[in-house]
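> The structure file my_file_0.cif (mmCIF, C-alpha atoms and all ligand atoms) is provided below.
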```cif
data_structure
loop_
_atom_site.label_atom_id
_atom_site.label_comp_id
_atom_site.auth_asym_id
_atom_site.auth_seq_id
_atom_site.Cartn_x
_atom_site.Cartn_y
_atom_site.Cartn_z
CA MET A 1 2.95 42.78 16.86
CA THR A 2 0.59 40.14 15.45
CA VAL A 3 -0.45 40.03 11.85
CA SER A 4 -4.05 40.66 12.89
CA ASN A 5 -2.88 44.12 13.98
CA GLN A 6 -1.08 44.76 10.74
CA THR A 7 -2.44 46.12 7.53
CA ASP A 8 -3.42 43.65 4.86
CA SER A 9 -0.57 44.95 2.70
CA HIS A 10 1.77 43.06 5.00
CA ILE A 11 0.29 39.74 3.95
CA ALA A 12 -0.56 40.79 0.40
CA GLY A 13 0.44 38.19 -2.16
CA HIS A 14 0.49 35.43 0.41
CA HIS A 15 -3.16 34.58 -0.08
CA LEU A 16 -2.11 32.99 -3.40
CA THR A 17 0.06 29.96 -3.97
CA ASN A 18 2.50 29.27 -6.75
CA ARG A 19 3.56 25.92 -5.32
CA THR A 20 1.15 23.04 -4.78
CA ASP A 21 3.71 20.33 -4.14
CA THR A 22 1.43 17.61 -2.83
CA VAL A 23 -1.96 16.28 -3.86
CA TRP A 24 -3.81 13.60 -1.89
CA ILE A 25 -6.21 11.52 -3.95
CA GLU A 26 -8.94 9.40 -2.38
CA LEU A 27 -9.64 6.89 -5.16
CA THR A 28 -12.08 5.18 -2.82
CA SER A 29 -13.46 5.68 0.66
CA HIS A 30 -14.35 1.96 0.88
CA CYS A 31 -12.20 -0.19 3.12
CA ASN A 32 -11.47 -3.87 3.69
CA LEU A 33 -11.25 -3.36 7.49
CA ARG A 34 -13.43 -1.88 10.23
CA CYS A 35 -10.98 -0.61 12.84
CA THR A 36 -13.02 0.12 15.94
CA TYR A 37 -11.87 3.75 16.23
CA CYS A 38 -12.40 4.62 12.57
CA HIS A 39 -15.28 6.43 10.88
CA GLN A 40 -15.65 3.22 8.81
CA SER A 41 -17.26 1.73 11.93
CA VAL A 42 -19.80 4.56 12.17
CA PRO A 43 -23.10 3.20 10.76
CA THR A 44 -23.92 6.47 8.98
CA PHE A 45 -20.61 6.59 7.07
CA HIS A 46 -21.22 6.02 3.37
CA ALA A 47 -18.25 5.00 1.27
CA LYS A 48 -17.79 5.78 -2.39
CA ASP A 49 -15.45 4.99 -5.25
CA MET A 50 -14.19 8.01 -7.19
CA ASP A 51 -15.76 8.56 -10.59
CA VAL A 52 -12.34 8.70 -12.21
CA GLY A 53 -13.75 9.91 -15.54
CA ASP A 54 -10.94 11.18 -17.68
CA PHE A 55 -8.16 10.25 -15.25
CA PRO A 56 -5.29 10.99 -17.70
CA ARG A 57 -6.55 14.58 -17.77
CA LEU A 58 -6.13 14.83 -13.98
CA VAL A 59 -2.59 13.53 -14.34
CA GLU A 60 -1.91 16.19 -17.00
CA HIS A 61 -3.15 18.90 -14.62
CA LEU A 62 -0.90 17.60 -11.85
CA GLN A 63 2.08 17.61 -14.21
CA ALA A 64 1.32 21.12 -15.49
CA MET A 65 1.08 22.39 -11.89
CA GLY A 66 4.48 20.90 -11.07
CA VAL A 67 3.08 18.63 -8.36
CA GLN A 68 5.95 16.74 -6.73
CA GLU A 69 4.07 14.02 -4.92
CA VAL A 70 0.69 12.32 -4.94
CA VAL A 71 -0.42 10.61 -1.76
CA ALA A 72 -2.73 7.70 -2.52
CA GLN A 73 -4.92 7.90 0.54
CA GLY A 74 -8.19 9.17 1.91
CA ARG A 75 -10.83 7.94 4.32
CA GLY A 76 -10.74 4.39 2.94
CA GLU A 77 -8.17 1.93 1.68
CA THR A 78 -6.98 2.98 -1.77
CA HIS A 79 -5.19 -0.32 -2.27
CA PHE A 80 -8.47 -2.21 -1.85
CA LEU A 81 -10.03 -0.63 -4.96
CA GLU A 82 -10.01 -2.96 -7.93
CA HIS A 83 -7.29 -1.92 -10.41
CA TRP A 84 -6.02 0.82 -8.06
CA HIS A 85 -2.52 0.26 -9.39
CA HIS A 86 -3.56 1.16 -12.96
CA TYR A 87 -4.25 4.71 -11.75
CA VAL A 88 -1.11 4.90 -9.65
CA ASP A 89 0.95 3.58 -12.58
CA GLN A 90 -0.25 6.52 -14.69
CA ILE A 91 0.86 9.00 -12.05
CA GLN A 92 4.24 7.33 -11.66
CA ALA A 93 4.66 7.22 -15.47
CA ALA A 94 4.16 11.00 -15.51
CA GLY A 95 7.23 11.34 -13.30
CA ILE A 96 5.33 12.24 -10.14
CA ALA A 97 6.34 10.42 -6.96
CA VAL A 98 3.56 8.47 -5.23
CA SER A 99 3.32 7.71 -1.51
CA GLY A 100 0.63 5.91 0.42
CA VAL A 101 -0.93 5.40 3.82
CA MET A 102 -2.28 1.88 4.07
CA ASN A 103 -3.28 -1.09 6.18
CA LEU A 104 -1.33 -3.74 4.18
CA ALA A 105 -3.91 -6.26 5.40
CA LYS A 106 -4.68 -8.12 2.19
CA ASP A 107 -2.93 -10.27 -0.40
CA TYR A 108 -1.33 -8.38 -3.27
CA SER A 109 -0.68 -9.61 -6.80
CA GLU A 110 2.80 -9.44 -8.35
CA GLU A 111 1.65 -6.43 -10.38
CA GLU A 112 0.40 -4.60 -7.30
CA MET A 113 3.65 -5.37 -5.50
CA LEU A 114 5.67 -3.85 -8.35
CA THR A 115 3.65 -0.64 -8.14
CA LEU A 116 4.02 -0.51 -4.35
CA SER A 117 7.76 -1.13 -4.62
CA ARG A 118 8.04 2.11 -6.63
CA TYR A 119 6.34 4.25 -3.94
CA ARG A 120 8.44 6.99 -2.40
CA SER A 121 7.13 6.27 1.07
CA ILE A 122 4.59 3.95 2.63
CA THR A 123 2.97 4.77 5.93
CA VAL A 124 1.75 1.52 7.44
CA SER A 125 -0.97 1.80 10.06
CA VAL A 126 0.33 -0.38 12.87
CA ASP A 127 -0.86 0.41 16.40
CA THR A 128 0.58 -2.67 18.09
CA VAL A 129 2.55 -5.78 17.23
CA ASP A 130 0.42 -7.87 19.61
CA ARG A 131 -1.46 -10.34 17.39
CA GLU A 132 -4.62 -10.60 19.48
CA LEU A 133 -4.88 -6.87 20.08
CA THR A 134 -4.38 -6.15 16.37
CA LYS A 135 -7.25 -8.51 15.53
CA ARG A 136 -9.53 -6.83 18.04
CA ILE A 137 -8.76 -3.21 17.16
CA ARG A 138 -7.97 -3.29 13.45
CA ARG A 139 -10.67 -5.89 13.21
CA SER A 140 -9.75 -9.23 11.71
CA SER A 141 -6.40 -8.05 10.32
CA ASP A 142 -3.38 -10.24 10.96
CA ILE A 143 -0.13 -8.53 11.97
CA ARG A 144 1.85 -11.42 10.43
CA GLN A 145 0.39 -10.67 7.02
CA ILE A 146 0.97 -6.93 7.41
CA LEU A 147 4.64 -7.43 8.28
CA TYR A 148 5.08 -10.00 5.50
CA ASN A 149 3.59 -7.56 2.96
CA GLN A 150 5.88 -4.77 4.17
CA THR A 151 8.95 -6.99 3.81
CA ARG A 152 7.78 -8.18 0.39
CA ILE A 153 7.46 -4.59 -0.89
CA VAL A 154 11.04 -3.80 0.17
CA ALA A 155 12.29 -7.13 -1.26
CA THR A 156 10.49 -6.46 -4.57
CA ALA A 157 12.29 -3.12 -4.92
CA LEU A 158 15.63 -4.72 -4.09
CA ALA A 159 15.04 -7.43 -6.70
CA GLN A 160 14.28 -4.71 -9.27
CA GLY A 161 17.49 -2.90 -8.36
CA THR A 162 15.50 0.17 -7.26
CA LYS A 163 15.40 2.13 -4.03
CA PRO A 164 12.78 0.68 -1.64
CA PRO A 165 10.09 3.00 -0.31
CA ARG A 166 10.74 4.73 2.99
CA ILE A 167 8.65 2.83 5.53
CA ILE A 168 6.84 4.81 8.21
CA TRP A 169 4.68 3.38 10.99
CA ASN A 170 1.70 5.30 12.29
CA CYS A 171 0.20 4.37 15.66
CA VAL A 172 -3.17 5.71 16.79
CA THR A 173 -2.03 6.04 20.37
CA ASN A 174 -4.59 4.71 22.83
CA ASP A 175 -5.10 3.17 26.27
CA GLN A 176 -4.99 -0.41 24.94
CA VAL A 177 -1.74 -0.28 22.97
CA VAL A 178 0.33 2.27 24.89
CA MET A 179 1.94 -0.25 27.27
CA GLY A 180 3.27 -2.20 24.26
CA LEU A 181 5.00 0.73 22.55
CA CYS A 182 8.54 -0.49 23.36
CA GLU A 183 7.78 -3.84 21.67
CA TRP A 184 6.15 -1.91 18.81
CA ILE A 185 9.16 0.30 18.14
CA SER A 186 11.63 -2.58 18.63
CA MET A 187 9.81 -4.66 16.03
CA GLY A 188 9.77 -1.69 13.65
CA ILE A 189 13.50 -1.11 14.12
CA ALA A 190 14.14 -4.82 13.50
CA LEU A 191 12.15 -4.57 10.25
CA GLY A 192 13.94 -1.48 8.93
CA VAL A 193 11.18 1.07 9.55
CA SER A 194 12.67 4.57 9.15
CA GLU A 195 10.12 6.71 10.90
CA PHE A 196 7.56 6.30 13.68
CA ASN A 197 4.60 8.54 14.34
CA LEU A 198 2.43 8.59 17.42
CA ALA A 199 -0.93 10.09 16.49
CA LEU A 200 -3.70 11.47 18.66
CA LEU A 201 -6.88 9.38 18.65
CA SER A 202 -9.94 11.27 17.42
CA LYS A 203 -12.74 9.70 19.33
CA PHE A 204 -16.13 9.75 17.67
CA THR A 205 -17.68 6.33 17.85
CA HIS A 206 -18.51 3.40 20.12
CA VAL A 207 -18.84 0.00 18.51
CA PRO A 208 -21.07 -2.48 20.39
CA ASP A 209 -19.47 -5.83 21.29
CA ALA A 210 -16.00 -4.74 20.21
CA LEU A 211 -12.81 -3.47 21.83
CA ASN A 212 -13.30 0.29 21.93
CA VAL A 213 -10.09 2.17 22.60
CA ASP A 214 -9.78 5.47 24.43
CA HIS A 215 -7.26 8.24 25.06
CA VAL A 216 -4.22 7.43 27.17
CA THR A 217 -5.42 10.17 29.53
CA THR A 218 -8.39 7.99 30.53
CA LEU A 219 -6.08 5.55 32.32
CA PRO A 220 -6.06 5.78 36.15
CA ASP A 221 -3.23 7.98 37.49
CA GLY A 222 -0.73 5.18 38.23
CA PRO A 223 -1.00 3.41 34.84
CA PHE A 224 -1.12 6.81 33.10
CA LEU A 225 2.22 7.85 34.62
CA GLU A 226 3.62 4.42 33.74
CA ALA A 227 2.36 4.88 30.16
CA LEU A 228 4.17 8.24 29.96
CA GLN A 229 7.41 6.53 30.94
CA ILE A 230 6.86 3.86 28.32
CA ILE A 231 6.27 6.50 25.64
CA GLU A 232 9.49 8.28 26.68
CA THR A 233 11.45 5.02 26.63
CA ALA A 234 10.06 4.01 23.24
CA VAL A 235 10.85 7.43 21.73
CA ALA A 236 14.40 7.31 23.15
CA LEU A 237 14.88 3.77 21.83
CA GLY A 238 13.82 4.76 18.33
CA ARG A 239 16.02 7.86 18.34
CA ALA A 240 19.00 5.91 19.70
CA HIS A 241 18.71 3.78 16.57
CA GLY A 242 18.73 6.84 14.32
CA LYS A 243 14.99 6.75 13.64
CA VAL A 244 12.71 9.73 13.24
CA VAL A 245 10.10 9.55 16.01
CA THR A 246 7.34 12.17 16.14
CA LEU A 247 4.33 12.75 18.35
CA HIS A 248 1.34 14.71 17.08
CA PRO A 249 1.39 18.05 18.88
CA GLY A 250 -2.20 17.39 19.98
CA LEU A 251 -1.04 14.18 21.70
CA THR A 252 1.91 15.85 23.41
CA GLU A 253 -0.28 18.69 24.63
CA SER A 254 -2.99 16.44 26.04
CA LEU A 255 -0.46 14.17 27.81
CA GLN A 256 1.39 17.14 29.32
CA ARG A 257 -1.81 18.79 30.45
CA HIS A 258 -3.08 15.62 32.06
CA ARG A 259 0.24 15.01 33.83
CA GLU A 260 0.20 18.56 35.21
CA LYS A 261 -3.38 18.08 36.36
CA ILE A 262 -2.43 14.93 38.27
CA PHE A 263 0.52 16.65 39.97
CA SER A 264 -1.39 19.80 40.82
CA SER A 265 -4.21 17.72 42.19
CA GLN A 266 -1.71 15.80 44.34
CA GLU A 267 -0.39 19.14 45.62
CA GLY A 268 -3.97 20.10 46.36
CA GLN A 269 -4.54 16.86 48.23
CA ARG A 270 -1.61 17.64 50.45
CA ASP A 271 -3.48 20.87 51.26
CA SER A 272 -6.60 18.78 52.00
CA GLU A 273 -8.27 19.71 48.71
CA PRO A 274 -10.45 17.01 47.13
CA HIS A 275 -8.83 15.07 44.26
CA ALA A 276 -9.83 16.70 40.96
CA ASP A 277 -10.68 14.86 37.75
CA ALA A 278 -7.46 12.97 37.06
CA GLY A 279 -8.20 9.92 34.97
CA ALA A 280 -11.57 11.23 33.87
CA GLY A 281 -10.27 11.71 30.33
CA LEU A 282 -11.52 15.28 30.05
CA ASP A 283 -8.48 16.56 28.18
CA HIS A 284 -9.16 17.98 24.77
CA ILE A 285 -7.10 19.45 22.01
CA ALA A 286 -6.01 23.01 22.78
CA VAL A 287 -8.17 25.30 20.66
CA THR A 288 -6.53 28.34 19.08
CA GLN A 289 -7.65 31.74 20.30
CA PRO A 290 -8.19 34.73 17.98
CA GLY A 291 -4.74 36.08 17.08
CA GLN A 292 -3.24 32.58 17.13
CA THR A 293 -2.74 30.34 14.14
CA ARG A 294 -1.39 26.87 13.27
CA ASN A 295 2.05 25.84 12.09
CA CYS A 296 0.57 24.59 8.86
CA LEU A 297 1.59 25.08 5.24
CA TYR A 298 -1.12 22.85 3.77
CA PRO A 299 -3.27 25.80 2.61
CA TRP A 300 -0.34 26.72 0.33
CA SER A 301 1.27 23.36 -0.38
CA THR A 302 -1.44 20.74 -0.55
CA ALA A 303 -4.70 19.75 -2.20
CA TYR A 304 -6.83 16.85 -1.02
CA ILE A 305 -9.37 15.38 -3.45
CA GLU A 306 -12.07 13.19 -1.94
CA ALA A 307 -13.85 10.35 -3.77
CA ASP A 308 -16.81 12.64 -4.61
CA ARG A 309 -14.29 15.23 -5.97
CA SER A 310 -14.65 17.57 -2.99
CA LEU A 311 -11.55 19.67 -2.61
CA ARG A 312 -9.97 20.37 0.79
CA VAL A 313 -6.35 20.93 1.86
CA CYS A 314 -6.26 18.06 4.36
CA CYS A 315 -8.73 15.47 5.66
CA ILE A 316 -9.90 17.83 8.43
CA SER A 317 -10.00 21.24 6.72
CA PRO A 318 -13.22 22.74 5.36
CA ILE A 319 -14.37 21.61 1.90
CA PHE A 320 -13.91 24.35 -0.65
CA LYS A 321 -15.39 23.17 -3.95
CA GLN A 322 -16.26 20.15 -6.06
CA LEU A 323 -13.78 19.60 -8.86
CA PRO A 324 -15.38 19.91 -12.29
CA GLU A 325 -15.40 17.19 -14.97
CA SER A 326 -12.27 18.84 -16.42
CA TRP A 327 -10.35 18.16 -13.16
CA ASP A 328 -9.04 21.72 -13.30
CA LEU A 329 -7.86 22.30 -9.75
CA ALA A 330 -5.34 25.08 -10.34
CA GLU A 331 -8.05 27.68 -10.74
CA ILE A 332 -9.86 26.60 -7.56
CA LEU A 333 -6.62 26.56 -5.57
CA ASN A 334 -6.25 30.28 -6.17
CA GLY A 335 -9.97 31.02 -6.15
CA PRO A 336 -11.69 33.30 -3.60
CA GLU A 337 -12.47 30.54 -1.05
CA LEU A 338 -8.88 29.44 -0.69
CA GLN A 339 -7.56 33.00 -0.76
CA GLY A 340 -9.84 33.76 2.18
CA PHE A 341 -8.72 30.59 3.97
CA ARG A 342 -5.05 31.55 3.68
CA GLN A 343 -5.77 35.09 4.84
CA ALA A 344 -7.57 33.67 7.86
CA PHE A 345 -4.42 31.71 8.74
CA LEU A 346 -2.23 34.80 8.41
CA ARG A 347 -4.63 36.95 10.45
CA GLY A 348 -5.03 34.41 13.23
CA GLN A 349 -8.73 33.84 12.58
CA LEU A 350 -8.90 30.12 11.99
CA PRO A 351 -12.05 28.25 11.00
CA ALA A 352 -13.36 25.79 13.61
CA GLU A 353 -11.81 22.73 11.91
CA CYS A 354 -8.30 24.19 12.11
CA ALA A 355 -8.79 25.83 15.50
CA LYS A 356 -8.92 22.32 17.02
CA CYS A 357 -6.49 20.57 14.69
CA PRO A 358 -4.66 17.62 16.31
CA THR A 359 -1.67 17.58 13.96
CA ALA A 360 -0.28 21.12 13.69
CA SER A 361 0.97 23.05 16.70
CA ILE A 362 -0.13 26.56 17.65
CA THR A 363 1.97 29.52 16.58
CA THR A 364 1.79 33.25 15.87
CA PRO A 365 0.72 34.69 12.53
CA ASP A 366 4.15 36.39 12.25
CA ASP A 367 5.92 33.06 12.57
CA LEU A 368 3.63 31.42 10.03
CA LEU A 369 4.11 34.32 7.60
CA THR A 370 7.88 33.81 7.71
CA LYS A 371 7.43 30.10 6.93
CA VAL A 372 4.97 30.81 4.12
CA GLU A 373 7.38 33.33 2.55
CA LYS A 374 10.16 30.77 2.72
CA TYR A 375 7.96 28.05 1.23
CA LEU A 376 6.66 30.21 -1.62
CA SER A 377 10.21 31.26 -2.48
CA GLY A 378 10.98 27.60 -3.17
CA LYS A 379 12.60 26.54 0.09
CA GLY A 380 11.48 23.99 2.64
CA SER A 381 9.59 20.74 2.41
CA PRO A 382 5.80 20.80 2.13
CA ARG A 383 5.29 17.37 3.75
CA ALA A 384 7.19 18.37 6.83
CA ASN A 385 4.54 20.64 8.29
CA PRO A 386 6.65 22.71 10.67
CA VAL A 387 5.13 21.30 13.86
C1 LIG B 401 -8.35 6.79 7.74
S1 LIG B 401 -6.92 5.80 7.49
C2 LIG B 401 -6.93 5.55 5.74
C3 LIG B 401 -5.75 4.77 5.22
C4 LIG B 401 -5.74 3.29 5.50
N1 LIG B 401 -7.00 2.69 5.46
C5 LIG B 401 -5.03 3.01 6.80
O1 LIG B 401 -5.68 2.63 7.76
O2 LIG B 401 -3.83 3.20 6.80
C6 LIG B 401 -5.58 6.96 7.67
C7 LIG B 401 -4.93 6.94 9.03
O3 LIG B 401 -5.85 7.43 9.98
C8 LIG B 401 -5.74 6.65 11.15
N2 LIG B 401 -7.00 6.76 11.88
C9 LIG B 401 -8.15 6.12 11.63
N3 LIG B 401 -9.08 6.46 12.54
C10 LIG B 401 -8.50 7.33 13.39
C11 LIG B 401 -8.94 8.02 14.56
N4 LIG B 401 -10.16 7.87 15.03
N5 LIG B 401 -8.06 8.85 15.17
C12 LIG B 401 -6.81 9.02 14.69
N6 LIG B 401 -6.34 8.38 13.60
C13 LIG B 401 -7.17 7.55 12.96
C14 LIG B 401 -5.43 5.26 10.63
O4 LIG B 401 -4.86 4.41 11.58
C15 LIG B 401 -4.50 5.57 9.48
O5 LIG B 401 -3.15 5.60 9.91
S1 LIG B 402 -7.96 0.36 7.60
FE1 LIG B 402 -7.91 2.59 7.64
S2 LIG B 402 -9.81 3.30 6.69
FE2 LIG B 402 -10.01 1.09 7.08
S3 LIG B 402 -11.11 0.98 8.99
FE3 LIG B 402 -8.93 0.91 9.49
S4 LIG B 402 -8.25 3.04 9.80
FE4 LIG B 402 -10.27 3.05 8.82
S1 LIG B 403 -4.40 23.41 10.59
FE1 LIG B 403 -4.80 21.20 10.71
S2 LIG B 403 -6.91 21.02 9.96
FE2 LIG B 403 -6.18 23.02 9.27
S3 LIG B 403 -5.30 22.68 7.24
FE3 LIG B 403 -3.62 22.46 8.70
S4 LIG B 403 -3.50 20.26 9.15
FE4 LIG B 403 -5.51 20.66 8.22
#
```
Please express what this file holds, its structure, as structure tokens.


Amino acid sequence: MTVSNQTDSHIAGHHLTNRTDTVWIELTSHCNLRCTYCHQSVPTFHAKDMDVGDFPRLVEHLQAMGVQEVVAQGRGETHFLEHWHHYVDQIQAAGIAVSGVMNLAKDYSEEEMLTLSRYRSITVSVDTVDRELTKRIRRSSDIRQILYNQTRIVATALAQGTKPPRIIWNCVTNDQVVMGLCEWISMGIALGVSEFNLALLSKFTHVPDALNVDHVTTLPDGPFLEALQIIETAVALGRAHGKVVTLHPGLTESLQRHREKIFSSQEGQRDSEPHADAGAGLDHIAVTQPGQTRNCLYPWSTAYIEADRSLRVCCISPIFKQLPESWDLAEILNGPELQGFRQAFLRGQLPAECAKCPTASITTPDDLLTKVEKYLSGKGSPRANPV
């Protein structure tokens, strides 16, 4: 039986949350880079610094709500904002762990390094360790500086006698970098990276006179199958060294679907059928059907505040409200919009944004309900969305 067939009493109480463990804060949506695949390269994208107003008040709210972790990240580069570390220092001083997702492509002062060395985890956006390719995709950044900065953060923590941040590498997996993934993971292992993530490229722009990357599924059949082998080898290499290696479910699904298409088309060819569309790059994220939902706890566990104070639960979800001057987010998190959003998850009636989410896998409402119950009763990690 699916939850959509059940009475609402079955899910009663689960449209509220008593546990917002994680809050993402986009202090700025400006960035020092213009990676060719990023919305920063879309001419109509307008960046903004957050009007931080009474920032200590926000920190008080986070403390009162029992928030466990703030992630300093949004659509820009938080660590590019002037005095970014003054805000992060206030959060850390309140006893809340801070993590970040960053490009590490600039020089940092001693002060900034000290703040970074106290992060719980740092996700570094590294798609390739090839110097030329890095320059062309993550435009004008230098991999040598990125790797030096990463090492300096760890060394700063060691010199302070504190635990270094957990270093995670995120790769936007694409046709240009995929063949170098074994070198990528080997370099990461050599540099003490703990975790590797292969993300699905969201493709929404074409930059003139630049290296535009595309999905791995757009490679011709032969190179595509070779790329699959390279991904498998890289994953096995990382795991053999005790590393956590994850693939976005959306990436796994699209690769599997494309592989099956190639093989079924080859079968068809043997039966004199014309070759289908292998290599045409027509694979898309599997969209949930009514009655299906996503393996996602963010509606319960997470708040995401954009630079203009819009409140979402992740960078893809719908926007629910603008935060008021008072920064009071607790009320909004259990307000009618978010209650409805959670009910939609538990009924298997997802909004369009979540129906085609690249990061959370598809599941049944019953399964999600079990995970939500467990989470709200204080068990389980919020960051580890149960993919
Ligand atoms: C938008 S960036 C913001 C943080 C920071 N500027 C950075 O690059 O790490 C967050 C993450 O999204 C990834 N990203 C950017 N554009 C993407 C796209 N089109 N598809 C998938 N991931 C993307 C980046 O590589 C990065 O790991
Ligand atoms: S560094 Fe991050 S935000 Fe900036 S352009 Fe690259 S992916 Fe986008
Ligand atoms: S399903 Fe995806 S888009 Fe929706 S809240 Fe979860 S992570 Fe965000």

> Check the smallest atom-to-atom distance from each of A:Ser202, A:Pro299, A:Asp214, A:Leu228 to A:Thr359 using only C-alpha atoms, then report the winner.

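Smallest separation from A:Thr359 among the options: A:Ser202.
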
> Please report the interatomic distance between atom CA of A:Ser141 and atom CA of A:Arg34 in Å with one decimal.

9.4 Å

> Under the rule that all atoms listed in the file are counted, which of A:Ile25, A:Leu147, A:Ala190, A:Ile231 is the nearest residue to A:Val178?

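Under the stated criterion, the closest residue is A:Ile231.
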
> Would you pick out the contacts of A:Gln160 at 12 Å or less, using all atoms listed in the file, so that residues sharing its chain but fewer than 2 positions from it are not included, and give the list as a list in words?

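Those residues are Met113, Leu114, Thr115, Ser117, Arg118, Ile153, Val154, Ala155, Thr156, Ala157, Leu158, Thr162, Lys163 and Pro164 of chain A.
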
> So which residues are near ligand LIG 402 (chain B), meaning at most 9 Å away with only C-alpha atoms and all ligand atoms counted, given back as a list in words?

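I would give the residues around ligand LIG 402 (chain B) as Ser29, His30, Cys31, Asn32, Leu33, Arg34, Cys35, Thr36, Tyr37, Cys38, His39, Gln40, Ser41, Gly74, Arg75, Gly76, Glu77, Thr78, Val101, Met102, Asn103, Leu104, Ala105, Ser125, Ile137, Arg138, Arg139 and Ser141 of chain A.
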
> Using C-alpha atoms, can you export the residues from the last selection as a tab-separated table (two decimals), in the frame of the given file?


```tsv
chain	number	residue	atom	x	y	z
A	29	SER	CA	-13.46	5.68	0.66
A	30	HIS	CA	-14.35	1.96	0.88
A	31	CYS	CA	-12.20	-0.19	3.12
A	32	ASN	CA	-11.47	-3.87	3.69
A	33	LEU	CA	-11.25	-3.36	7.49
A	34	ARG	CA	-13.43	-1.88	10.23
A	35	CYS	CA	-10.98	-0.61	12.84
A	36	THR	CA	-13.02	0.12	15.94
A	37	TYR	CA	-11.87	3.75	16.23
A	38	CYS	CA	-12.40	4.62	12.57
A	39	HIS	CA	-15.28	6.43	10.88
A	40	GLN	CA	-15.65	3.22	8.81
A	41	SER	CA	-17.26	1.73	11.93
A	74	GLY	CA	-8.19	9.17	1.91
A	75	ARG	CA	-10.83	7.94	4.32
A	76	GLY	CA	-10.74	4.39	2.94
A	77	GLU	CA	-8.17	1.93	1.68
A	78	THR	CA	-6.98	2.98	-1.77
A	101	VAL	CA	-0.93	5.40	3.82
A	102	MET	CA	-2.28	1.88	4.07
A	103	ASN	CA	-3.28	-1.09	6.18
A	104	LEU	CA	-1.33	-3.74	4.18
A	105	ALA	CA	-3.91	-6.26	5.40
A	125	SER	CA	-0.97	1.80	10.06
A	137	ILE	CA	-8.76	-3.21	17.16
A	138	ARG	CA	-7.97	-3.29	13.45
A	139	ARG	CA	-10.67	-5.89	13.21
A	141	SER	CA	-6.40	-8.05	10.32
```

> Of the residues A:His85, A:Lys203, A:His248, A:Arg239, which is the one nearest to ligand LIG 401 (chain B), using all atoms listed in the file?

A:Lys203

> Got a sec: who's within 10 Å of A:Trp169, counting all atoms listed in the file, leaving out chain neighbours fewer than 4 positions off, as a ChimeraX atom specification?

/A:101-102,122-127,184-185,188,193-198,245

> Measuring atom to atom with only C-alpha atoms, identify which of A:Ser377, A:Gln292, A:Leu346, A:Glu353 is nearest to A:Ser9.

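Looking at the shortest contact to A:Ser9, the residue is A:Leu346.
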
> Kindly extract all protein, DNA and RNA residues lying within 12 Å of the coordinates (-6.3, -1.5, -7.9) given in the file, considering all atoms listed in the file, and supply them as a PyMOL selection string.

chain A and resi 27-28+49+72+77-89+108-109+111-113+115-116

> As a ChimeraX atom specification, please: the residues near A:Val71 (cut-off 10 Å, only C-alpha atoms, same-chain neighbours under 5 positions excluded).

/A:22-26,88,97-101,119-122,304

> Do you have the atom CA of A:Asp142-atom CA of A:Phe224 distance handy?

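A separation of 28.0 Å between them.
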
> Quick one: residues within 7 Å of (-20.5, 2.9, 14.5) (file frame), counting only C-alpha atoms, please, as a PyMOL selection string.

chain A and resi 41-43+205-207

> Residues within 10 Å of ligand LIG 403 (chain B), counting only C-alpha atoms and all ligand atoms: report them as number ranges by chain.

A: 293-300, 302-303, 312-318, 341-342, 345, 350-362, 385, 387

> Let me make sure I understand: among A:Val67, A:Ile189, A:Leu200, A:Met179, which one has the smallest atom-to-atom distance to ligand LIG 401 (chain B) if we use all atoms listed in the file?

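Under the stated criterion, the closest residue is A:Leu200.
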
> Neighbours of stretch 58-60 of chain A within 10 Å (only C-alpha atoms; same-chain residues fewer than 6 positions away dropped), as a PyMOL selection string?

chain A and resi 52+66-67+87-88+90-94+96+325-329

> Could the residues in this selection be written to a file with C-alpha atoms, as a PDB file, in the coordinates of the input?


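Below is the file result22.pdb, written as the result:
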```
ATOM      1  CA  VAL A  52     -12.340   8.700 -12.210  1.00  0.00           C
ATOM      2  CA  GLY A  66       4.480  20.900 -11.070  1.00  0.00           C
ATOM      3  CA  VAL A  67       3.080  18.630  -8.360  1.00  0.00           C
ATOM      4  CA  TYR A  87      -4.250   4.710 -11.750  1.00  0.00           C
ATOM      5  CA  VAL A  88      -1.110   4.900  -9.650  1.00  0.00           C
ATOM      6  CA  GLN A  90      -0.250   6.520 -14.690  1.00  0.00           C
ATOM      7  CA  ILE A  91       0.860   9.000 -12.050  1.00  0.00           C
ATOM      8  CA  GLN A  92       4.240   7.330 -11.660  1.00  0.00           C
ATOM      9  CA  ALA A  93       4.660   7.220 -15.470  1.00  0.00           C
ATOM     10  CA  ALA A  94       4.160  11.000 -15.510  1.00  0.00           C
ATOM     11  CA  ILE A  96       5.330  12.240 -10.140  1.00  0.00           C
ATOM     12  CA  GLU A 325     -15.400  17.190 -14.970  1.00  0.00           C
ATOM     13  CA  SER A 326     -12.270  18.840 -16.420  1.00  0.00           C
ATOM     14  CA  TRP A 327     -10.350  18.160 -13.160  1.00  0.00           C
ATOM     15  CA  ASP A 328      -9.040  21.720 -13.300  1.00  0.00           C
ATOM     16  CA  LEU A 329      -7.860  22.300  -9.750  1.00  0.00           C
TER      17      LEU A 329
END
```

> Give the answer as one residue: which of A:Glu306, A:Glu183, A:Glu69, A:Glu132 has the shortest atom-to-atom distance to ligand LIG 401 (chain B), using all atoms listed in the file?

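Answer, going by the shortest atom-to-atom distance: A:Glu306.
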
> Report the distance between atom CA of A:Met50 and atom CA of A:Leu16 in Å, rounded to one decimal place.

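Atom-to-atom, atom CA of A:Met50 and atom CA of A:Leu16 are spaced 28.0 Å apart.
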